[in-house]
Amino acid sequence: MRKKFCPKCGKETEKFYENLCKDCFLEKFSSLEKIPKNFLFKKCKFCGKIFYKKVGKESLESLVETILSKILEKEKIDSINYRIFNDKLKMEVETKIEDLKKVEELTSNLIIKQFVCNVCNLKEKGYYQAIIQLRCKNEILQKIEEDIKKEVETLNKFDALAFISKIEKEKNGLNFYIGSKKSAMEIGKILKRKYKAELKISRRLVGFEKGKRVYRDTILIKISD
Ligand SMILES: [Zn+2]
Ligand SMILES: [Zn+2]
């Protein structure tokens, strides 16, 4: 049998890919330029949430996972094994080309800058969509205040505007300024179920935003016993 050689490297080879040996053929492909050398993150100095472009996550680990899976999908890379090490992201990138597999290594820099996220910015400025007026006996006031704070924390996992921007002391209770109307309403419902509270909702036009009416809700929560 006649021996065949790769025209590029001169190595003896049996199977050719576009007239080249496997190694010379694979050299033409690289997935590395599809992955940024520097990942620029922004971390909120108040809530600790970390952002890459428009995507925000609770931790660097889950954010990196989300970014890489998006890159995989978009760039048709088969898999990325990775490890976060100090401020570096070490990756092993695997790409399938015809019946071959190419594995490449890459280390990118993770650059984290501090900032204040939109939600925390609003909170700092005292933003609110609704006021919860809690009215109850003094003896249970503190307990229910804790309840409300806990519920806000839970709701915040699904609703970024679920935060308390201010608590005001009133003669017969407390006023909570809540960033999200929807979550304020949810808290009202929870207290109604839990304490048989009486709810009274009123709505006030406070202005216009981009041509739409903006209302602010006041939810009066009365607990009798
Ligand atoms: Zn070759
Ligand atoms: Zn924040």
# chains A, B, ... in the order shown; residues from 1 in each chain; ligands from 1

$ residues_around --residues "segment 54-67 of chain A" --least-positions-apart "4" --cutoff "12 Å" --atoms "only C-alpha atoms" --output "ChimeraX atom specification"
/A:35-36,39-44,47-50,71-74,79-91,108-112,117-119,157,160

$ select_by_dssp --residues "segment 28-196 of chain A" --states "helix (DSSP H, G or I)" --output "JSON, numbers by chain"
{"A": [32, 33, 34, 60, 61, 62, 63, 64, 65, 66, 67, 68, 69, 70, 71, 72, 73, 74, 75, 118, 119, 120, 121, 122, 123, 124, 138, 139, 140, 141, 142, 143, 144, 145, 146, 147, 148, 149, 150, 151, 152, 153, 154, 155, 181, 182, 183, 184, 185, 186, 187, 188, 189, 190, 191, 192, 193, 194, 195]}

$ closest_residue --among "A:Leu32, A:Cys120, A:Phe51, A:Cys24" --to "ligand 2" --atoms "only C-alpha atoms and all ligand atoms"
A:Cys120

$ closest_residue --among "A:Lys96, A:Lys194, A:Lys22, A:Arg203" --to "ligand 1" --atoms "only C-alpha atoms and all ligand atoms"
A:Lys22

$ closest_residue --among "A:Glu124, A:Glu75, A:Glu14, A:Glu186" --to "ligand 2" --atoms "only C-alpha atoms and all ligand atoms"
A:Glu124

$ closest_residue --among "A:Asp147, A:Glu168, A:Glu12, A:Asp217" --to "Tyr128 of chain A" --atoms "only C-alpha atoms"
A:Asp217

$ select_by_dssp --residues "segment 55-215 of chain A" --states "strand (DSSP E or B)" --output "PyMOL selection string"
chain A and resi 55-57+79-85+88-97+100-115+130-135+164-170+173-178+198-209+212-215

$ residues_near_ligand --ligand "ligand 1" --cutoff "9 Å" --atoms "only C-alpha atoms and all ligand atoms" --output "PyMOL selection string"
chain A and resi 5-13+20-25

$ closest_residue --among "A:Leu161, A:Leu199, A:Ile219, A:Leu106" --to "ligand 2" --atoms "only C-alpha atoms and all ligand atoms"
A:Leu161

$ closest_atom_pairs --of "segment 87-144 of chain A" --to "segment 176-180 of chain A" --cutoff "8 Å" --atoms "only C-alpha atoms" --output "JSON lines"
{"residue": "A:Lys123", "atom": "CA", "partner": "A:Gly179", "partner_atom": "CA", "distance": 7.3}
{"residue": "A:Tyr127", "atom": "CA", "partner": "A:Gly179", "partner_atom": "CA", "distance": 6.0}
{"residue": "A:Tyr128", "atom": "CA", "partner": "A:Gly179", "partner_atom": "CA", "distance": 4.1}
{"residue": "A:Gln129", "atom": "CA", "partner": "A:Gly179", "partner_atom": "CA", "distance": 5.2}
{"residue": "A:Ala130", "atom": "CA", "partner": "A:Ile178", "partner_atom": "CA", "distance": 5.3}
{"residue": "A:Ile131", "atom": "CA", "partner": "A:Tyr177", "partner_atom": "CA", "distance": 4.7}
{"residue": "A:Ile132", "atom": "CA", "partner": "A:Phe176", "partner_atom": "CA", "distance": 5.0}
{"residue": "A:Gln133", "atom": "CA", "partner": "A:Phe176", "partner_atom": "CA", "distance": 6.5}
{"residue": "A:Leu134", "atom": "CA", "partner": "A:Phe176", "partner_atom": "CA", "distance": 7.8}

$ residues_around --residues "Lys45 of chain A" --least-positions-apart "3" --cutoff "7 Å" --atoms "only C-alpha atoms" --output "PyMOL selection string"
chain A and resi 48+114-116

$ write_last_selection --atoms "N, CA, C and O atoms" --output "compact mmCIF listing (two decimals), in the first residue's frame"
# COMPACT_ATOMS: atom_id res chain seq x y z
N GLY A 48 -24.91 43.17 47.59
CA GLY A 48 -23.95 42.11 47.28
C GLY A 48 -24.22 41.36 45.99
O GLY A 48 -23.48 40.46 45.61
N GLN A 114 -17.01 47.67 42.14
CA GLN A 114 -18.15 47.95 43.02
C GLN A 114 -19.05 49.01 42.41
O GLN A 114 -18.58 49.90 41.71
N PHE A 115 -20.33 48.88 42.67
CA PHE A 115 -21.28 49.92 42.26
C PHE A 115 -22.53 49.82 43.11
O PHE A 115 -22.57 49.02 44.05
N VAL A 116 -23.51 50.64 42.83
CA VAL A 116 -24.80 50.54 43.52
C VAL A 116 -25.83 50.15 42.48
O VAL A 116 -25.99 50.83 41.47

$ closest_residue --among "A:Phe163, A:Ile77, A:Asn38, A:Val152" --to "ligand 2" --atoms "only C-alpha atoms and all ligand atoms"
A:Phe163

$ atom_distance --atom1 "atom CA of Glu105 of chain A" --atom2 "atom CA of Glu92 of chain A"
4.6 Å

$ residues_around --residues "Ile144 of chain A" --least-positions-apart "4" --cutoff "9 Å" --atoms "only C-alpha atoms" --output "JSON, numbers by chain"
{"A": [134, 136, 140, 148, 149, 191]}

$ write_last_selection --atoms "C-alpha atoms" --output "compact mmCIF listing (two decimals), in the first residue's frame"
# COMPACT_ATOMS: atom_id res chain seq x y z
CA LEU A 134 -50.08 48.52 60.55
CA CYS A 136 -52.53 46.88 66.39
CA ILE A 140 -47.95 42.44 69.52
CA ILE A 148 -43.44 41.84 57.95
CA LYS A 149 -39.66 42.18 57.67
CA LEU A 191 -51.40 39.02 57.67
